[in-house]
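Trainee: Supplied structure: data12.pdb, PDB, C-alpha atoms.
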MODEL        1
ATOM      1  CA  MET A  66      50.252  46.036   5.663
ATOM      2  CA  ARG A  67      46.765  46.027   4.244
ATOM      3  CA  SER A  68      46.840  49.818   3.954
ATOM      4  CA  TYR A  69      49.984  49.474   1.786
ATOM      5  CA  PHE A  70      48.153  47.005  -0.469
ATOM      6  CA  GLU A  71      45.185  49.370  -0.713
ATOM      7  CA  PHE A  72      47.552  52.207  -1.662
ATOM      8  CA  ALA A  73      49.347  49.966  -4.178
ATOM      9  CA  SER A  74      46.052  48.945  -5.799
ATOM     10  CA  ARG A  75      44.956  52.516  -6.595
ATOM     11  CA  THR A  76      44.944  53.337 -10.312
ATOM     12  CA  PRO A  77      47.476  56.220 -10.061
ATOM     13  CA  THR A  78      49.861  54.053  -8.035
ATOM     14  CA  LEU A  79      49.556  51.179 -10.506
ATOM     15  CA  ALA A  80      50.196  53.551 -13.416
ATOM     16  CA  VAL A  81      53.268  55.160 -11.847
ATOM     17  CA  THR A  82      54.811  51.863 -10.713
ATOM     18  CA  PHE A  83      54.137  50.285 -14.125
ATOM     19  CA  VAL A  84      55.945  53.113 -15.917
ATOM     20  CA  ALA A  85      58.788  53.150 -13.378
ATOM     21  CA  THR A  86      59.244  49.377 -13.671
ATOM     22  CA  LEU A  87      59.410  49.643 -17.465
ATOM     23  CA  VAL A  88      61.920  52.500 -17.280
ATOM     24  CA  PHE A  89      64.203  50.431 -15.042
ATOM     25  CA  LEU A  90      63.901  47.334 -17.254
ATOM     26  CA  VAL A  91      64.187  49.013 -20.646
ATOM     27  CA  LEU A  92      66.304  52.122 -20.092
ATOM     28  CA  VAL A  93      68.248  51.981 -16.839
ATOM     29  CA  PHE A  94      69.602  48.475 -16.231
ATOM     30  CA  PRO A  95      70.481  47.582 -19.844
ATOM     31  CA  ASN A  96      72.505  50.802 -20.108
ATOM     32  CA  LEU A  97      74.577  50.551 -16.933
ATOM     33  CA  PRO A  98      78.193  50.449 -18.104
ATOM     34  CA  ILE A  99      79.429  47.545 -15.983
ATOM     35  CA  GLY A 100      81.374  45.740 -18.704
ATOM     36  CA  GLY A 101      79.581  42.396 -18.640
ATOM     37  CA  GLU A 102      76.435  40.507 -17.698
ATOM     38  CA  SER A 103      75.211  41.386 -14.212
ATOM     39  CA  LEU A 104      75.257  38.603 -11.645
ATOM     40  CA  ASP A 105      71.633  39.180 -10.723
ATOM     41  CA  MET A 106      70.557  38.318 -14.277
ATOM     42  CA  LYS A 107      72.208  34.906 -14.196
ATOM     43  CA  PRO A 108      70.271  31.792 -13.128
ATOM     44  CA  GLY A 109      72.813  31.193 -10.348
ATOM     45  CA  TYR A 110      76.586  31.052 -10.292
ATOM     46  CA  SER A 111      79.573  29.397  -8.668
ATOM     47  CA  HIS A 112      82.428  31.149  -6.892
ATOM     48  CA  GLU A 113      84.577  30.793 -10.001
ATOM     49  CA  GLU A 114      81.873  32.250 -12.251
ATOM     50  CA  ALA A 115      81.272  35.182  -9.896
ATOM     51  CA  MET A 116      84.965  35.953  -9.651
ATOM     52  CA  ALA A 117      85.357  35.777 -13.446
ATOM     53  CA  SER A 118      82.412  38.152 -13.895
ATOM     54  CA  MET A 119      83.761  40.631 -11.360
ATOM     55  CA  GLU A 120      87.180  40.489 -13.041
ATOM     56  CA  GLU A 121      85.503  41.142 -16.406
ATOM     57  CA  TYR A 122      83.763  44.256 -15.025
ATOM     58  CA  GLY A 123      87.085  45.868 -14.131
ATOM     59  CA  PRO A 124      87.457  48.479 -11.373
ATOM     60  CA  GLU A 125      85.104  51.027 -12.971
ATOM     61  CA  GLY A 126      82.480  48.421 -13.817
ATOM     62  CA  ARG A 127      82.570  47.040 -10.269
ATOM     63  CA  THR A 128      82.153  50.536  -8.833
ATOM     64  CA  THR A 129      79.260  51.308 -11.194
ATOM     65  CA  TYR A 130      77.632  47.940 -10.493
ATOM     66  CA  ALA A 131      78.025  48.365  -6.711
ATOM     67  CA  TRP A 132      76.428  51.816  -6.905
ATOM     68  CA  GLY A 133      73.653  50.547  -9.172
ATOM     69  CA  SER A 134      72.988  47.539  -6.953
ATOM     70  CA  ALA A 135      72.906  49.606  -3.773
ATOM     71  CA  VAL A 136      70.837  52.503  -5.108
ATOM     72  CA  LEU A 137      68.989  51.738  -8.339
ATOM     73  CA  ASP A 138      68.373  48.077  -7.604
ATOM     74  CA  THR A 139      66.923  49.064  -4.252
ATOM     75  CA  LEU A 140      64.447  51.458  -5.863
ATOM     76  CA  PHE A 141      63.512  48.893  -8.522
ATOM     77  CA  PRO A 142      62.073  46.290  -6.087
ATOM     78  CA  ILE A 143      60.016  49.021  -4.455
ATOM     79  CA  CYS A 144      58.470  49.739  -7.867
ATOM     80  CA  TYR A 145      57.798  46.185  -9.018
ATOM     81  CA  VAL A 146      56.675  44.956  -5.605
ATOM     82  CA  THR A 147      54.187  47.814  -5.366
ATOM     83  CA  LEU A 148      52.992  47.173  -8.927
ATOM     84  CA  PHE A 149      52.416  43.438  -8.548
ATOM     85  CA  ALA A 150      51.143  43.590  -4.963
ATOM     86  CA  GLY A 151      48.682  46.226  -6.163
ATOM     87  CA  LEU A 152      47.552  44.131  -9.122
ATOM     88  CA  ILE A 153      47.104  41.015  -7.003
ATOM     89  CA  TYR A 154      45.272  42.889  -4.262
ATOM     90  CA  ARG A 155      43.016  44.912  -6.553
ATOM     91  CA  PHE A 156      42.020  42.080  -8.861
ATOM     92  CA  ARG A 157      41.828  39.253  -6.309
ATOM     93  CA  LEU A 158      39.018  36.827  -7.032
ATOM     94  CA  THR A 159      37.753  36.639  -3.443
ATOM     95  CA  GLU A 160      38.246  38.787  -0.358
ATOM     96  CA  GLY A 161      40.117  35.996   1.393
ATOM     97  CA  THR A 162      42.824  35.831  -1.267
ATOM     98  CA  TRP A 163      44.183  39.304  -0.525
ATOM     99  CA  VAL A 164      47.084  37.629   1.316
ATOM    100  CA  LEU A 165      48.483  36.547  -2.072
ATOM    101  CA  ALA A 166      49.677  40.156  -2.393
ATOM    102  CA  PHE A 167      52.454  39.171   0.033
ATOM    103  CA  ILE A 168      54.134  37.028  -2.667
ATOM    104  CA  PRO A 169      55.778  39.975  -4.466
ATOM    105  CA  VAL A 170      56.712  41.468  -1.080
ATOM    106  CA  ILE A 171      58.581  38.268  -0.228
ATOM    107  CA  ALA A 172      60.214  38.375  -3.668
ATOM    108  CA  GLY A 173      61.268  41.973  -3.100
ATOM    109  CA  LEU A 174      62.847  41.092   0.235
ATOM    110  CA  GLY A 175      64.771  38.326  -1.505
ATOM    111  CA  ASP A 176      65.871  40.782  -4.190
ATOM    112  CA  LEU A 177      67.104  43.215  -1.539
ATOM    113  CA  GLY A 178      69.035  40.368   0.093
ATOM    114  CA  GLU A 179      70.584  39.571  -3.271
ATOM    115  CA  ASN A 180      71.507  43.234  -3.791
ATOM    116  CA  ALA A 181      73.182  43.424  -0.391
ATOM    117  CA  GLN A 182      75.209  40.290  -1.129
ATOM    118  CA  ILE A 183      76.237  41.425  -4.616
ATOM    119  CA  THR A 184      77.152  44.929  -3.428
ATOM    120  CA  THR A 185      79.255  43.450  -0.638
ATOM    121  CA  MET A 186      81.039  41.114  -3.054
ATOM    122  CA  LEU A 187      81.778  43.952  -5.482
ATOM    123  CA  LEU A 188      83.185  46.126  -2.700
ATOM    124  CA  GLN A 189      85.246  43.277  -1.204
ATOM    125  CA  TYR A 190      86.650  42.055  -4.518
ATOM    126  CA  PRO A 191      89.019  40.190  -4.788
ATOM    127  CA  ASP A 192      88.541  39.025  -1.188
ATOM    128  CA  VAL A 193      85.230  37.246  -1.829
ATOM    129  CA  GLY A 194      84.598  33.970  -0.073
ATOM    130  CA  VAL A 195      82.830  30.888  -1.343
ATOM    131  CA  THR A 196      80.083  31.254   1.295
ATOM    132  CA  GLN A 197      79.433  34.858   0.296
ATOM    133  CA  VAL A 198      78.962  33.828  -3.329
ATOM    134  CA  ALA A 199      76.767  30.887  -2.295
ATOM    135  CA  TRP A 200      74.437  33.235  -0.402
ATOM    136  CA  ALA A 201      74.289  35.711  -3.280
ATOM    137  CA  SER A 202      73.616  32.929  -5.779
ATOM    138  CA  ALA A 203      70.906  31.428  -3.531
ATOM    139  CA  PHE A 204      69.110  34.788  -3.410
ATOM    140  CA  THR A 205      69.431  35.063  -7.207
ATOM    141  CA  ILE A 206      67.989  31.564  -7.683
ATOM    142  CA  PHE A 207      65.128  32.344  -5.262
ATOM    143  CA  LYS A 208      64.352  35.555  -7.155
ATOM    144  CA  GLY A 209      64.353  33.648 -10.440
ATOM    145  CA  TRP A 210      61.956  31.067  -9.039
ATOM    146  CA  ILE A 211      59.455  33.360  -7.308
ATOM    147  CA  GLY A 212      59.397  36.041 -10.028
ATOM    148  CA  PRO A 213      57.253  34.106 -12.496
ATOM    149  CA  VAL A 214      54.855  33.158  -9.676
ATOM    150  CA  TYR A 215      53.833  36.708  -8.766
ATOM    151  CA  GLN A 216      54.109  37.943 -12.359
ATOM    152  CA  ILE A 217      51.754  35.284 -13.731
ATOM    153  CA  LEU A 218      49.425  35.734 -10.763
ATOM    154  CA  GLY A 219      49.282  39.533 -11.086
ATOM    155  CA  LEU A 220      48.890  39.586 -14.851
ATOM    156  CA  GLY A 221      46.487  36.643 -14.795
ATOM    157  CA  LEU A 222      44.204  38.323 -12.265
ATOM    158  CA  PHE A 223      44.327  41.539 -14.286
ATOM    159  CA  LEU A 224      43.368  39.668 -17.475
ATOM    160  CA  VAL A 225      40.516  37.853 -15.706
ATOM    161  CA  ALA A 226      39.195  41.208 -14.477
ATOM    162  CA  MET A 227      39.436  42.703 -17.981
ATOM    163  CA  ALA A 228      37.661  39.673 -19.476
ATOM    164  CA  ARG A 229      34.858  40.041 -16.928
ATOM    165  CA  ILE A 230      34.465  43.713 -17.836
ATOM    166  CA  ALA A 231      34.357  42.832 -21.543
ATOM    167  CA  VAL A 232      31.765  40.108 -20.989
ATOM    168  CA  ARG A 233      29.589  42.499 -18.952
ATOM    169  CA  ALA A 234      29.853  45.149 -21.663
ATOM    170  CA  ILE A 235      28.835  42.629 -24.328
ATOM    171  CA  ARG A 236      25.906  41.423 -22.212
ATOM    172  CA  ASP A 237      24.782  45.006 -21.573
ATOM    173  CA  ARG A 238      24.903  45.776 -25.305
ATOM    174  CA  MET A 239      22.989  42.651 -26.226
ATOM    175  CA  GLY A 240      20.431  43.175 -23.492
ATOM    176  CA  GLY A 241      20.066  46.877 -24.269
ATOM    177  CA  SER A 242      19.377  46.393 -28.004
TER     178      SER A 242
ENDMDL
END
Kindly return the structure encoded in the file as structure tokens.
Mentor:
Amino acid sequence: MRSYFEFASRTPTLAVTFVATLVFLVLVFPNLPIGGESLDMKPGYSHEEAMASMEEYGPEGRTTYAWGSAVLDTLFPICYVTLFAGLIYRFRLTEGTWVLAFIPVIAGLGDLGENAQITTMLLQYPDVGVTQVAWASAFTIFKGWIGPVYQILGLGLFLVAMARIAVRAIRDRMGGS
């Protein structure tokens, strides 16, 4: 797993996964014609809420959403997990904290679990059980909870590294004058 983190922390990998993550967030997901708010963007939902959403999507929206969840929303976690695992690994404060790079991996696994549940519900509609929705909602809630953890950690470590570089540059300038 450490070799994956080393790969993820390389500058070209970080650049590509950053751009890919932005493309998914800004261009792809907002423009999927599903006919309503996606379940995985909600903070959790009941059986009744899930059924109402899936009814709102209509047959074409459910098909599009199922395809998007199974294909696009499987590629998306690969991108953001690689991005944030790479940031956390590359900019870790001490060698021993490299294991923190597992946090986005765990989040990505939860996201894939959510995608599997949502895809299954969309394909089974209207025969969707309460337990199925409970599992899907639990994965969505987990994703909503763990997301800010790895995002703040990754961006925070990056900002600390950039601040250190800036301080060194200022010191070098002042010492070199």
Trainee: Counting all atoms listed in the file, find residues at most 10 Å from (77.2, 38.7, -14.1) (file frame) and give them as a list in words.
Mentor: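 The distance filter leaves exactly Ile99, Gly100, Gly101, Glu102, Ser103, Leu104, Asp105, Met106, Lys107, Pro108, Gly109, Tyr110, Glu114, Ala115, Met116, Ala117, Ser118, Met119, Glu121, Tyr122, Tyr130 and Ile183 of chain A.
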Trainee: Can you spit out the residues from that selection as a PDB file, in the frame of the given file, using C-alpha atoms?
Mentor:
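Output file again_15.pdb follows:
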ATOM      1  CA  ILE A  99      79.429  47.545 -15.983  1.00  0.00           C
ATOM      2  CA  GLY A 100      81.374  45.740 -18.704  1.00  0.00           C
ATOM      3  CA  GLY A 101      79.581  42.396 -18.640  1.00  0.00           C
ATOM      4  CA  GLU A 102      76.435  40.507 -17.698  1.00  0.00           C
ATOM      5  CA  SER A 103      75.211  41.386 -14.212  1.00  0.00           C
ATOM      6  CA  LEU A 104      75.257  38.603 -11.645  1.00  0.00           C
ATOM      7  CA  ASP A 105      71.633  39.180 -10.723  1.00  0.00           C
ATOM      8  CA  MET A 106      70.557  38.318 -14.277  1.00  0.00           C
ATOM      9  CA  LYS A 107      72.208  34.906 -14.196  1.00  0.00           C
ATOM     10  CA  PRO A 108      70.271  31.792 -13.128  1.00  0.00           C
ATOM     11  CA  GLY A 109      72.813  31.193 -10.348  1.00  0.00           C
ATOM     12  CA  TYR A 110      76.586  31.052 -10.292  1.00  0.00           C
ATOM     13  CA  GLU A 114      81.873  32.250 -12.251  1.00  0.00           C
ATOM     14  CA  ALA A 115      81.272  35.182  -9.896  1.00  0.00           C
ATOM     15  CA  MET A 116      84.965  35.953  -9.651  1.00  0.00           C
ATOM     16  CA  ALA A 117      85.357  35.777 -13.446  1.00  0.00           C
ATOM     17  CA  SER A 118      82.412  38.152 -13.895  1.00  0.00           C
ATOM     18  CA  MET A 119      83.761  40.631 -11.360  1.00  0.00           C
ATOM     19  CA  GLU A 121      85.503  41.142 -16.406  1.00  0.00           C
ATOM     20  CA  TYR A 122      83.763  44.256 -15.025  1.00  0.00           C
ATOM     21  CA  TYR A 130      77.632  47.940 -10.493  1.00  0.00           C
ATOM     22  CA  ILE A 183      76.237  41.425  -4.616  1.00  0.00           C
TER      23      ILE A 183
END
Trainee: Might you pull out every residue within 10 Å of Phe167 in chain A, with only C-alpha atoms counted and same-chain residues fewer than 6 positions away left off, and present them as a PDB file with C-alpha atoms, keeping the file's coordinate frame?
Mentor:
ATOM      1  CA  MET A  66      50.252  46.036   5.663  1.00  0.00           C
ATOM      2  CA  ARG A  67      46.765  46.027   4.244  1.00  0.00           C
ATOM      3  CA  PHE A  70      48.153  47.005  -0.469  1.00  0.00           C
ATOM      4  CA  VAL A 146      56.675  44.956  -5.605  1.00  0.00           C
ATOM      5  CA  PHE A 149      52.416  43.438  -8.548  1.00  0.00           C
ATOM      6  CA  ALA A 150      51.143  43.590  -4.963  1.00  0.00           C
ATOM      7  CA  ILE A 153      47.104  41.015  -7.003  1.00  0.00           C
ATOM      8  CA  TYR A 154      45.272  42.889  -4.262  1.00  0.00           C
ATOM      9  CA  GLY A 173      61.268  41.973  -3.100  1.00  0.00           C
ATOM     10  CA  TYR A 215      53.833  36.708  -8.766  1.00  0.00           C
TER      11      TYR A 215
END
Trainee: For CA of Val198 in chain A and CA of Ser111 in chain A, quote the distance in Å rounded to one decimal.
Mentor: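 Atom-to-atom, CA of Val198 in chain A and CA of Ser111 in chain A are spaced 7.0 Å apart.
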Trainee: A:Asn180, A:Val232, A:Pro169, A:Leu148: which is nearest Trp132 in chain A, counting all atoms listed in the file?
Mentor: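 Nearest to Trp132 in chain A: A:Asn180.
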Trainee: Work out how far apart CA of Ala73 in chain A and CA of Val170 in chain A are and give it in Å to one decimal.
Mentor: 11.7 Å
Trainee: As an exercise, work out the distance from CA of Pro213 in chain A to CA of Ala181 in chain A in Å and give it to one decimal place.
Mentor: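 These two atoms are separated by 22.1 Å.
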Trainee: For the point (38.4, 40.5, -6.9) in the file's frame, write as a list in words all residues with an atom no more than 12 Å away, counting only C-alpha atoms.
Mentor: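 Within 12 Å of (38.4, 40.5, -6.9), the protein and nucleic acid residues are Ser74, Gly151, Leu152, Ile153, Tyr154, Arg155, Phe156, Arg157, Leu158, Thr159, Glu160, Gly161, Thr162, Trp163, Leu165, Gly219, Gly221, Leu222, Phe223, Leu224, Val225, Ala226, Met227 and Arg229 of chain A.
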Trainee: Determine, counting all atoms listed in the file, which protein, DNA and RNA residues have an atom within 10 Å of an atom of Pro98 in chain A; residues of the same chain fewer than 4 positions away are not included. Present the result as JSON, numbers by chain.
Mentor: {"A": [94, 122, 125, 126, 127, 129, 130]}
Trainee: Quick one: residues within 12 Å of Asp176 in chain A, all atoms listed in the file counted, chain neighbours fewer than 4 positions away excluded, as a VMD selection string?
Mentor: chain A and resid 105 to 106 134 to 135 138 to 143 145 to 146 169 to 172 180 to 183 201 to 212
Trainee: Skip Val195 in chain A itself and residues of its chain fewer than 2 positions away, then list as a ChimeraX atom specification all residues within 9 Å of it, counting all atoms listed in the file.
Mentor: /A:111-113,193,197-200
Trainee: Check the smallest atom-to-atom distance from each of A:Gly178, A:Glu120, A:Cys144, A:Leu187 to Ala80 in chain A using all atoms listed in the file, then report the winner.
Mentor: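 Nearest to Ala80 in chain A: A:Cys144.
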Trainee: Under the rule that all atoms listed in the file are counted, which of A:Ile230, A:Ile168, A:Leu79, A:Val88 is the nearest residue to Ile217 in chain A?
Mentor: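 Of A:Ile230, A:Ile168, A:Leu79, A:Val88, the one nearest Ile217 in chain A is A:Ile168, counting all atoms listed in the file.
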Trainee: How would range 80-91 of chain A read, as a compact mmCIF listing (two decimals), in the frame of the given file, once all heavy atoms are built in?
Mentor:
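Final file, out33.txt:
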# COMPACT_ATOMS: atom_id res chain seq x y z
N ALA A 80 49.67 52.92 -12.21
CA ALA A 80 50.20 53.55 -13.42
C ALA A 80 51.65 54.00 -13.22
O ALA A 80 52.51 53.74 -14.07
CB ALA A 80 49.32 54.73 -13.82
N VAL A 81 51.91 54.66 -12.11
CA VAL A 81 53.27 55.16 -11.85
C VAL A 81 54.25 54.01 -11.68
O VAL A 81 55.36 54.04 -12.25
CB VAL A 81 53.28 56.08 -10.60
CG1 VAL A 81 54.70 56.37 -10.13
CG2 VAL A 81 52.55 57.38 -10.90
N THR A 82 53.88 52.98 -10.93
CA THR A 82 54.81 51.86 -10.71
C THR A 82 55.00 51.04 -11.99
O THR A 82 56.08 50.50 -12.22
CB THR A 82 54.37 50.97 -9.54
OG1 THR A 82 53.04 50.49 -9.77
CG2 THR A 82 54.45 51.73 -8.22
N PHE A 83 53.98 50.97 -12.84
CA PHE A 83 54.14 50.28 -14.12
C PHE A 83 55.17 51.01 -14.98
O PHE A 83 56.10 50.40 -15.53
CB PHE A 83 52.79 50.19 -14.85
CG PHE A 83 52.88 49.60 -16.23
CD1 PHE A 83 53.09 48.24 -16.39
CD2 PHE A 83 52.77 50.41 -17.35
CE1 PHE A 83 53.19 47.69 -17.67
CE2 PHE A 83 52.86 49.87 -18.62
CZ PHE A 83 53.07 48.50 -18.78
N VAL A 84 55.01 52.32 -15.11
CA VAL A 84 55.94 53.11 -15.92
C VAL A 84 57.35 53.04 -15.32
O VAL A 84 58.34 52.85 -16.05
CB VAL A 84 55.46 54.58 -16.05
CG1 VAL A 84 56.53 55.46 -16.66
CG2 VAL A 84 54.17 54.63 -16.87
N ALA A 85 57.47 53.19 -14.02
CA ALA A 85 58.79 53.15 -13.38
C ALA A 85 59.46 51.79 -13.58
O ALA A 85 60.66 51.72 -13.87
CB ALA A 85 58.65 53.46 -11.89
N THR A 86 58.69 50.71 -13.46
CA THR A 86 59.24 49.38 -13.67
C THR A 86 59.75 49.23 -15.10
O THR A 86 60.86 48.71 -15.33
CB THR A 86 58.18 48.30 -13.34
OG1 THR A 86 57.82 48.43 -11.97
CG2 THR A 86 58.70 46.90 -13.60
N LEU A 87 58.97 49.70 -16.06
CA LEU A 87 59.41 49.64 -17.46
C LEU A 87 60.67 50.47 -17.70
O LEU A 87 61.57 50.03 -18.42
CB LEU A 87 58.30 50.12 -18.39
CG LEU A 87 57.20 49.13 -18.71
CD1 LEU A 87 56.17 49.76 -19.65
CD2 LEU A 87 57.76 47.87 -19.33
N VAL A 88 60.74 51.64 -17.11
CA VAL A 88 61.92 52.50 -17.28
C VAL A 88 63.17 51.78 -16.76
O VAL A 88 64.21 51.76 -17.42
CB VAL A 88 61.72 53.87 -16.59
CG1 VAL A 88 63.04 54.63 -16.46
CG2 VAL A 88 60.69 54.70 -17.35
N PHE A 89 63.07 51.17 -15.58
CA PHE A 89 64.20 50.43 -15.04
C PHE A 89 64.61 49.29 -15.97
O PHE A 89 65.79 49.10 -16.25
CB PHE A 89 63.88 49.86 -13.65
CG PHE A 89 64.13 50.83 -12.53
CD1 PHE A 89 63.07 51.37 -11.83
CD2 PHE A 89 65.42 51.20 -12.17
CE1 PHE A 89 63.28 52.25 -10.79
CE2 PHE A 89 65.65 52.07 -11.13
CZ PHE A 89 64.58 52.61 -10.43
N LEU A 90 63.62 48.53 -16.44
CA LEU A 90 63.90 47.33 -17.25
C LEU A 90 64.41 47.66 -18.65
O LEU A 90 65.25 46.94 -19.19
CB LEU A 90 62.65 46.46 -17.36
CG LEU A 90 62.23 45.74 -16.08
CD1 LEU A 90 60.90 45.04 -16.28
CD2 LEU A 90 63.30 44.75 -15.65
N VAL A 91 63.88 48.72 -19.25
CA VAL A 91 64.19 49.01 -20.65
C VAL A 91 65.30 50.06 -20.80
O VAL A 91 66.12 49.95 -21.73
CB VAL A 91 62.91 49.48 -21.39
CG1 VAL A 91 63.20 49.90 -22.81
CG2 VAL A 91 61.87 48.37 -21.36
